[in-house]
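Structure file start02.txt (compact mmCIF, C-alpha atoms) is printed below.
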# COMPACT_ATOMS: atom_id res chain seq x y z
CA MET A 1 -7.67 21.75 4.35
CA GLY A 2 -10.06 19.81 6.50
CA PRO A 3 -11.90 16.51 6.38
CA ARG A 4 -15.02 16.39 4.21
CA LEU A 5 -16.76 13.79 6.33
CA ASN A 6 -16.05 10.90 8.68
CA PRO A 7 -16.99 7.64 6.94
CA TYR A 8 -16.98 5.80 10.28
CA ASP A 9 -19.76 8.09 11.50
CA GLU A 10 -21.74 8.14 8.27
CA ALA A 11 -21.49 4.47 7.24
CA PRO A 12 -20.28 2.42 10.22
CA ASP A 13 -21.41 -0.93 8.79
CA ALA A 14 -19.58 -0.32 5.52
CA MET A 15 -16.42 0.71 7.33
CA LYS A 16 -16.70 -2.32 9.60
CA ALA A 17 -16.85 -4.53 6.48
CA MET A 18 -13.83 -2.74 5.04
CA LEU A 19 -11.88 -3.24 8.27
CA SER A 20 -12.88 -6.91 8.24
CA LEU A 21 -11.58 -7.35 4.68
CA ASP A 22 -8.37 -5.55 5.60
CA GLY A 23 -7.92 -7.83 8.61
CA PHE A 24 -8.56 -10.90 6.46
CA VAL A 25 -5.95 -9.83 3.90
CA ARG A 26 -3.48 -9.05 6.70
CA LYS A 27 -3.69 -12.66 7.91
CA ARG A 28 -3.02 -14.23 4.49
CA GLY A 29 0.67 -14.77 5.15
CA ILE A 30 2.23 -12.13 2.92
CA ASP A 31 5.76 -11.33 4.06
CA GLU A 32 5.47 -8.46 6.54
CA GLN A 33 7.95 -6.12 4.89
CA LEU A 34 6.48 -6.80 1.45
CA TYR A 35 3.00 -6.14 2.86
CA TRP A 36 4.01 -2.64 4.00
CA LEU A 37 6.06 -1.89 0.87
CA VAL A 38 2.97 -2.59 -1.26
CA LYS A 39 0.76 -0.40 0.94
CA ILE A 40 3.28 2.43 0.91
CA ARG A 41 3.88 2.26 -2.87
CA ALA A 42 0.19 2.26 -3.79
CA SER A 43 -0.39 5.13 -1.36
CA GLN A 44 2.46 7.10 -2.94
CA ILE A 45 0.99 6.63 -6.41
CA ASN A 46 -2.45 7.69 -5.17
CA GLY A 47 -1.07 10.70 -3.29
CA CYS A 48 -2.57 9.55 0.01
CA ALA A 49 -0.68 11.42 2.73
CA TYR A 50 -2.81 9.83 5.46
CA CYS A 51 -1.89 6.28 4.39
CA ILE A 52 1.76 7.10 3.60
CA HIS A 53 2.11 8.57 7.09
CA MET A 54 0.53 5.51 8.72
CA HIS A 55 2.18 2.79 6.65
CA THR A 56 5.72 4.18 6.74
CA ARG A 57 5.51 4.03 10.53
CA GLU A 58 4.20 0.47 10.37
CA GLY A 59 6.89 -0.44 7.84
CA ARG A 60 9.58 1.02 10.06
CA ALA A 61 8.24 -1.04 13.00
CA ALA A 62 8.41 -4.13 10.74
CA GLY A 63 12.10 -3.47 10.12
CA ILE A 64 12.03 -1.75 6.72
CA SER A 65 15.04 0.55 6.52
CA GLU A 66 14.70 4.26 5.92
CA ASP A 67 16.62 3.85 2.64
CA ARG A 68 14.17 1.24 1.35
CA MET A 69 11.20 3.46 2.20
CA HIS A 70 12.77 6.63 0.76
CA LEU A 71 13.84 4.89 -2.45
CA LEU A 72 10.54 3.10 -2.99
CA PRO A 73 9.37 5.48 -5.77
CA ALA A 74 12.60 4.59 -7.63
CA TRP A 75 12.66 0.87 -6.81
CA ARG A 76 13.58 -0.02 -10.40
CA GLU A 77 16.85 1.89 -10.10
CA SER A 78 17.85 0.56 -6.67
CA PRO A 79 19.50 -2.75 -5.73
CA LEU A 80 17.73 -2.68 -2.33
CA TYR A 81 14.73 -4.73 -3.50
CA SER A 82 14.64 -8.47 -4.13
CA ALA A 83 13.31 -10.06 -7.32
CA LYS A 84 10.16 -11.04 -5.42
CA GLU A 85 9.66 -7.48 -4.15
CA ARG A 86 10.25 -6.10 -7.65
CA ALA A 87 7.61 -8.41 -9.11
CA ALA A 88 5.15 -7.40 -6.38
CA LEU A 89 5.88 -3.69 -6.78
CA ALA A 90 5.44 -3.89 -10.56
CA TRP A 91 2.09 -5.66 -10.02
CA THR A 92 1.14 -3.01 -7.44
CA GLU A 93 1.86 -0.23 -9.91
CA SER A 94 0.08 -2.05 -12.75
CA LEU A 95 -3.12 -2.56 -10.77
CA THR A 96 -3.04 0.85 -9.08
CA LEU A 97 -2.65 2.49 -12.50
CA LEU A 98 -4.93 -0.01 -14.22
CA PRO A 99 -6.50 2.34 -16.81
CA GLU A 100 -3.03 3.23 -18.06
CA THR A 101 -1.37 -0.19 -17.83
CA GLY A 102 -4.07 -2.77 -18.49
CA ALA A 103 -2.14 -5.17 -16.21
CA PRO A 104 0.34 -6.24 -18.91
CA ASP A 105 1.28 -9.86 -19.53
CA ASP A 106 5.00 -9.30 -18.94
CA VAL A 107 4.31 -7.92 -15.45
CA PHE A 108 2.05 -10.88 -14.68
CA GLU A 109 4.65 -13.35 -15.97
CA ALA A 110 7.33 -11.79 -13.74
CA LEU A 111 4.89 -12.07 -10.84
CA ARG A 112 4.16 -15.72 -11.63
CA ALA A 113 7.90 -16.45 -11.64
CA GLU A 114 8.11 -15.32 -7.99
CA PHE A 115 4.71 -16.21 -6.49
CA GLY A 116 2.35 -19.16 -6.50
CA PRO A 117 -1.30 -18.78 -7.59
CA LYS A 118 -2.65 -18.36 -4.03
CA GLU A 119 0.03 -15.77 -3.26
CA ILE A 120 -0.90 -13.86 -6.43
CA VAL A 121 -4.53 -13.75 -5.34
CA ASP A 122 -3.52 -12.63 -1.83
CA LEU A 123 -1.25 -9.93 -3.22
CA THR A 124 -3.97 -8.75 -5.59
CA LEU A 125 -6.43 -8.51 -2.68
CA LEU A 126 -3.85 -6.49 -0.74
CA ILE A 127 -3.41 -4.11 -3.67
CA GLY A 128 -7.16 -3.76 -4.11
CA THR A 129 -7.70 -3.14 -0.42
CA ILE A 130 -5.07 -0.40 -0.08
CA ASN A 131 -6.44 1.27 -3.20
CA VAL A 132 -9.91 1.38 -1.60
CA TRP A 133 -8.42 2.81 1.61
CA ASN A 134 -6.56 5.44 -0.45
CA ARG A 135 -9.78 6.45 -2.16
CA ILE A 136 -11.57 6.75 1.17
CA ALA A 137 -8.77 8.81 2.76
CA VAL A 138 -8.12 11.07 -0.25
CA GLY A 139 -11.79 11.42 -1.19
CA PHE A 140 -12.86 12.39 2.30
CA ARG A 141 -9.66 14.39 2.98
CA SER A 142 -8.56 12.36 6.00
CA LEU A 143 -5.78 14.19 7.81
CA HIS A 144 -2.68 12.44 9.10
CA PRO A 145 -1.45 13.36 12.58
CA VAL A 146 0.80 16.41 12.64
CA SER A 147 3.58 16.68 15.19
CA THR A 148 3.82 19.90 17.16
CA ASP A 149 7.61 19.45 17.10
CA THR A 150 8.75 22.00 14.50
CA SER A 151 12.08 20.21 13.97
CA ASN A 152 10.16 17.57 11.95
CA ARG A 153 8.84 20.08 9.41

Whole structure given in structure tokens:
Amino acid sequence: MGPRLNPYDEAPDAMKAMLSLDGFVRKRGIDEQLYWLVKIRASQINGCAYCIHMHTREGRAAGISEDRMHLLPAWRESPLYSAKERAALAWTESLTLLPETGAPDDVFEALRAEFGPKEIVDLTLLIGTINVWNRIAVGFRSLHPVSTDTSNR
């Protein structure tokens, strides 16, 4: 498996705009751990190894425990996530799987119970942005770094 193309080489202005949007969303004030949990969960759903690799490291640096990262695919069955995180993760899954979910009213109502209108817009922009990054990385077969240390395999 190898990369199909480098979007930074082929469309530098587009990638610069994408990085700018990502930076804008990053500065919106979303709780840091929640920010990384959303990025990791969307990347898991989209099967984006490149982004999972990157964002789990960033999440770890932000203080997310290994248990919370490992149990993220089963967040509904774990007591390790707050009501606010659960609402955000449900919204993340609903928008990431939009053709299947249609962003249901009950998920939005649970979100509205935990977040204000501005926060909902910010969270939605975060979800949209990571989904674009996932499509870039998966579509162009971006490769995550691979350690030469065989004990990690």

| message | Nearest residue to Lys27 (chain A) out of A:Phe108, A:Leu126, A:Gly139, A:Glu77, using only C-alpha atoms? | response |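 The shortest atom-to-atom distance to Lys27 (chain A) comes from A:Leu126.
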
| note | Expressed in Å, the length from CA of Ala83 (chain A) to CA of Arg41 (chain A) is 16.1 Å

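Computed from the coordinates, the CA of Asp22 (chain A) to CA of Tyr35 (chain A) distance equals 11.7 Å.
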
| said: Between CA of Ile30 (chain A) and CA of Lys118 (chain A), what is the distance in Å, rounded to a tenth? | reply: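 The value is 10.5 Å.
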
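For the residues A:Ile136, A:Leu19, A:Cys51, A:Val146, ranking by smallest atom-to-atom distance to Pro7 (chain A) using all atoms listed in the file places A:Ile136 first.
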
| Contacts of Val132 (chain A) at 12 Å (all atoms listed in the file; same-chain gap of 2+ positions) as a list in words | Met15, Met18, Leu19, Leu21, Asp22, Lys39, Ala42, Ser43, Asn46, Cys48, Cys51, Thr96, Leu125, Leu126, Ile127, Gly128, Thr129, Ile130, Asn134, Arg135, Ile136, Ala137, Val138 and Gly139 of chain A

| said: Nearest residue to Glu58 (chain A) out of A:Leu34, A:Ala14, A:Ala103, A:Ala110, using all atoms listed in the file? | reply: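 Closest residue, counting all atoms listed in the file: A:Leu34.
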
| said: Quick one: residues within 10 Å of Arg76 (chain A), all atoms listed in the file, excluding same-chain residues fewer than 5 positions away - as a list in words? | reply: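 Here the qualifying residues turn out to be Leu71, Tyr81, Arg86, Leu89 and Ala90 of chain A.
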
| For Glu114 (chain A), which residue among A:Ala88, A:Leu98, A:Ile52, A:Leu80 is the nearest when counting only C-alpha atoms? |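 Of all the options, A:Ala88 lies closest to Glu114 (chain A).
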
To box region 80-91 of chain A, take all atoms listed in the file, fit an axis-aligned box, add 3 Å on each side, and give centre and edge lengths in Å to one decimal, as lines of an AutoDock Vina configuration file.
center_x = 9.9
center_y = -6.9
center_z = -6.4
size_x = 21.6
size_y = 14.4
size_z = 14.2

| With distances taken over only C-alpha atoms, which of A:Gly23, A:Gly29, A:His55, A:Ala11 is nearest to Asp122 (chain A)? |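 The shortest atom-to-atom distance to Asp122 (chain A) comes from A:Gly29.
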
| task | Can you work out which one of A:Ser82, A:Trp133, A:Ile40, A:Glu32 has the shortest atom-to-atom distance to Gly63 (chain A), counting all atoms listed in the file? | result |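 Comparing A:Ser82, A:Trp133, A:Ile40, A:Glu32 against Gly63 (chain A), the winner is A:Glu32.
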
Save region 56-84 of chain A from what I just supplied, as a CSV table (one decimal), in the first residue's frame, atoms limited to N, CA, C and O atoms.
chain,number,residue,atom,x,y,z
A,56,THR,N,-4.9,10.0,18.3
A,56,THR,CA,-4.7,9.3,19.6
A,56,THR,C,-3.5,9.8,20.3
A,56,THR,O,-3.5,9.9,21.6
A,57,ARG,N,-2.4,10.1,19.6
A,57,ARG,CA,-1.2,10.7,20.2
A,57,ARG,C,-1.6,12.1,20.8
A,57,ARG,O,-1.1,12.4,21.9
A,58,GLU,N,-2.3,12.9,20.0
A,58,GLU,CA,-2.7,14.2,20.5
A,58,GLU,C,-3.6,14.1,21.7
A,58,GLU,O,-3.5,14.9,22.7
A,59,GLY,N,-4.5,13.2,21.7
A,59,GLY,CA,-5.4,12.9,22.8
A,59,GLY,C,-4.7,12.5,24.0
A,59,GLY,O,-5.0,13.0,25.1
A,60,ARG,N,-3.7,11.6,23.9
A,60,ARG,CA,-2.9,11.2,25.0
A,60,ARG,C,-2.2,12.4,25.6
A,60,ARG,O,-2.2,12.6,26.8
A,61,ALA,N,-1.6,13.3,24.8
A,61,ALA,CA,-0.9,14.5,25.2
A,61,ALA,C,-1.9,15.4,25.9
A,61,ALA,O,-1.5,16.2,26.8
A,62,ALA,N,-3.2,15.4,25.6
A,62,ALA,CA,-4.2,16.2,26.2
A,62,ALA,C,-4.7,15.6,27.5
A,62,ALA,O,-5.6,16.2,28.2
A,63,GLY,N,-4.2,14.4,27.9
A,63,GLY,CA,-4.6,13.8,29.1
A,63,GLY,C,-5.7,12.8,29.0
A,63,GLY,O,-6.2,12.3,30.0
A,64,ILE,N,-6.1,12.4,27.8
A,64,ILE,CA,-7.1,11.3,27.7
A,64,ILE,C,-6.5,10.0,28.1
A,64,ILE,O,-5.4,9.7,27.5
A,65,SER,N,-7.1,9.3,28.9
A,65,SER,CA,-6.5,8.0,29.4
A,65,SER,C,-6.6,7.0,28.2
A,65,SER,O,-7.4,7.0,27.3
A,66,GLU,N,-5.7,6.0,28.4
A,66,GLU,CA,-5.7,4.9,27.4
A,66,GLU,C,-7.1,4.2,27.4
A,66,GLU,O,-7.6,3.8,26.4
A,67,ASP,N,-7.7,4.0,28.6
A,67,ASP,CA,-9.0,3.3,28.7
A,67,ASP,C,-10.0,4.1,27.9
A,67,ASP,O,-10.8,3.5,27.1
A,68,ARG,N,-10.0,5.4,28.0
A,68,ARG,CA,-11.1,6.2,27.3
A,68,ARG,C,-10.8,6.1,25.8
A,68,ARG,O,-11.8,6.1,25.0
A,69,MET,N,-9.6,6.0,25.4
A,69,MET,CA,-9.3,5.9,23.9
A,69,MET,C,-9.7,4.5,23.4
A,69,MET,O,-10.3,4.4,22.4
A,70,HIS,N,-9.3,3.5,24.2
A,70,HIS,CA,-9.5,2.1,23.7
A,70,HIS,C,-11.0,1.8,23.7
A,70,HIS,O,-11.5,1.0,22.9
A,71,LEU,N,-11.8,2.4,24.7
A,71,LEU,CA,-13.2,2.1,24.8
A,71,LEU,C,-14.1,3.0,23.9
A,71,LEU,O,-15.3,2.8,23.9
A,72,LEU,N,-13.5,3.9,23.3
A,72,LEU,CA,-14.3,4.9,22.5
A,72,LEU,C,-15.3,4.2,21.5
A,72,LEU,O,-16.4,4.7,21.4
A,73,PRO,N,-14.9,3.2,20.8
A,73,PRO,CA,-15.9,2.5,19.9
A,73,PRO,C,-17.2,2.0,20.7
A,73,PRO,O,-18.2,1.8,20.1
A,74,ALA,N,-17.0,1.8,22.0
A,74,ALA,CA,-18.1,1.2,22.8
A,74,ALA,C,-18.5,2.2,23.9
A,74,ALA,O,-18.9,1.8,25.0
A,75,TRP,N,-18.5,3.5,23.6
A,75,TRP,CA,-18.7,4.6,24.5
A,75,TRP,C,-20.1,4.4,25.2
A,75,TRP,O,-20.3,4.8,26.4
A,76,ARG,N,-21.1,3.9,24.5
A,76,ARG,CA,-22.4,3.7,25.0
A,76,ARG,C,-22.4,2.7,26.2
A,76,ARG,O,-23.3,2.8,27.1
A,77,GLU,N,-21.5,1.8,26.2
A,77,GLU,CA,-21.5,0.7,27.2
A,77,GLU,C,-20.5,1.0,28.3
A,77,GLU,O,-20.3,0.2,29.2
A,78,SER,N,-19.9,2.2,28.3
A,78,SER,CA,-18.9,2.5,29.3
A,78,SER,C,-19.2,3.7,30.2
A,78,SER,O,-19.7,4.7,29.6
A,79,PRO,N,-19.0,3.6,31.5
A,79,PRO,CA,-19.3,4.8,32.3
A,79,PRO,C,-18.2,5.9,32.3
A,79,PRO,O,-18.2,6.8,33.0
A,80,LEU,N,-17.2,5.7,31.4
A,80,LEU,CA,-16.0,6.6,31.4
A,80,LEU,C,-16.3,7.9,30.7
A,80,LEU,O,-15.4,8.8,30.6
A,81,TYR,N,-17.5,8.1,30.1
A,81,TYR,CA,-17.8,9.3,29.3
A,81,TYR,C,-18.9,10.1,30.0
A,81,TYR,O,-19.9,9.5,30.4
A,82,SER,N,-18.8,11.4,30.1
A,82,SER,CA,-19.8,12.3,30.7
A,82,SER,C,-21.0,12.4,29.8
A,82,SER,O,-21.0,12.0,28.6
A,83,ALA,N,-22.1,12.9,30.3
A,83,ALA,CA,-23.3,13.2,29.5
A,83,ALA,C,-23.0,14.1,28.4
A,83,ALA,O,-23.5,13.9,27.3
A,84,LYS,N,-22.2,15.1,28.6
A,84,LYS,CA,-21.8,16.0,27.5
A,84,LYS,C,-21.0,15.3,26.4
A,84,LYS,O,-21.2,15.5,25.2
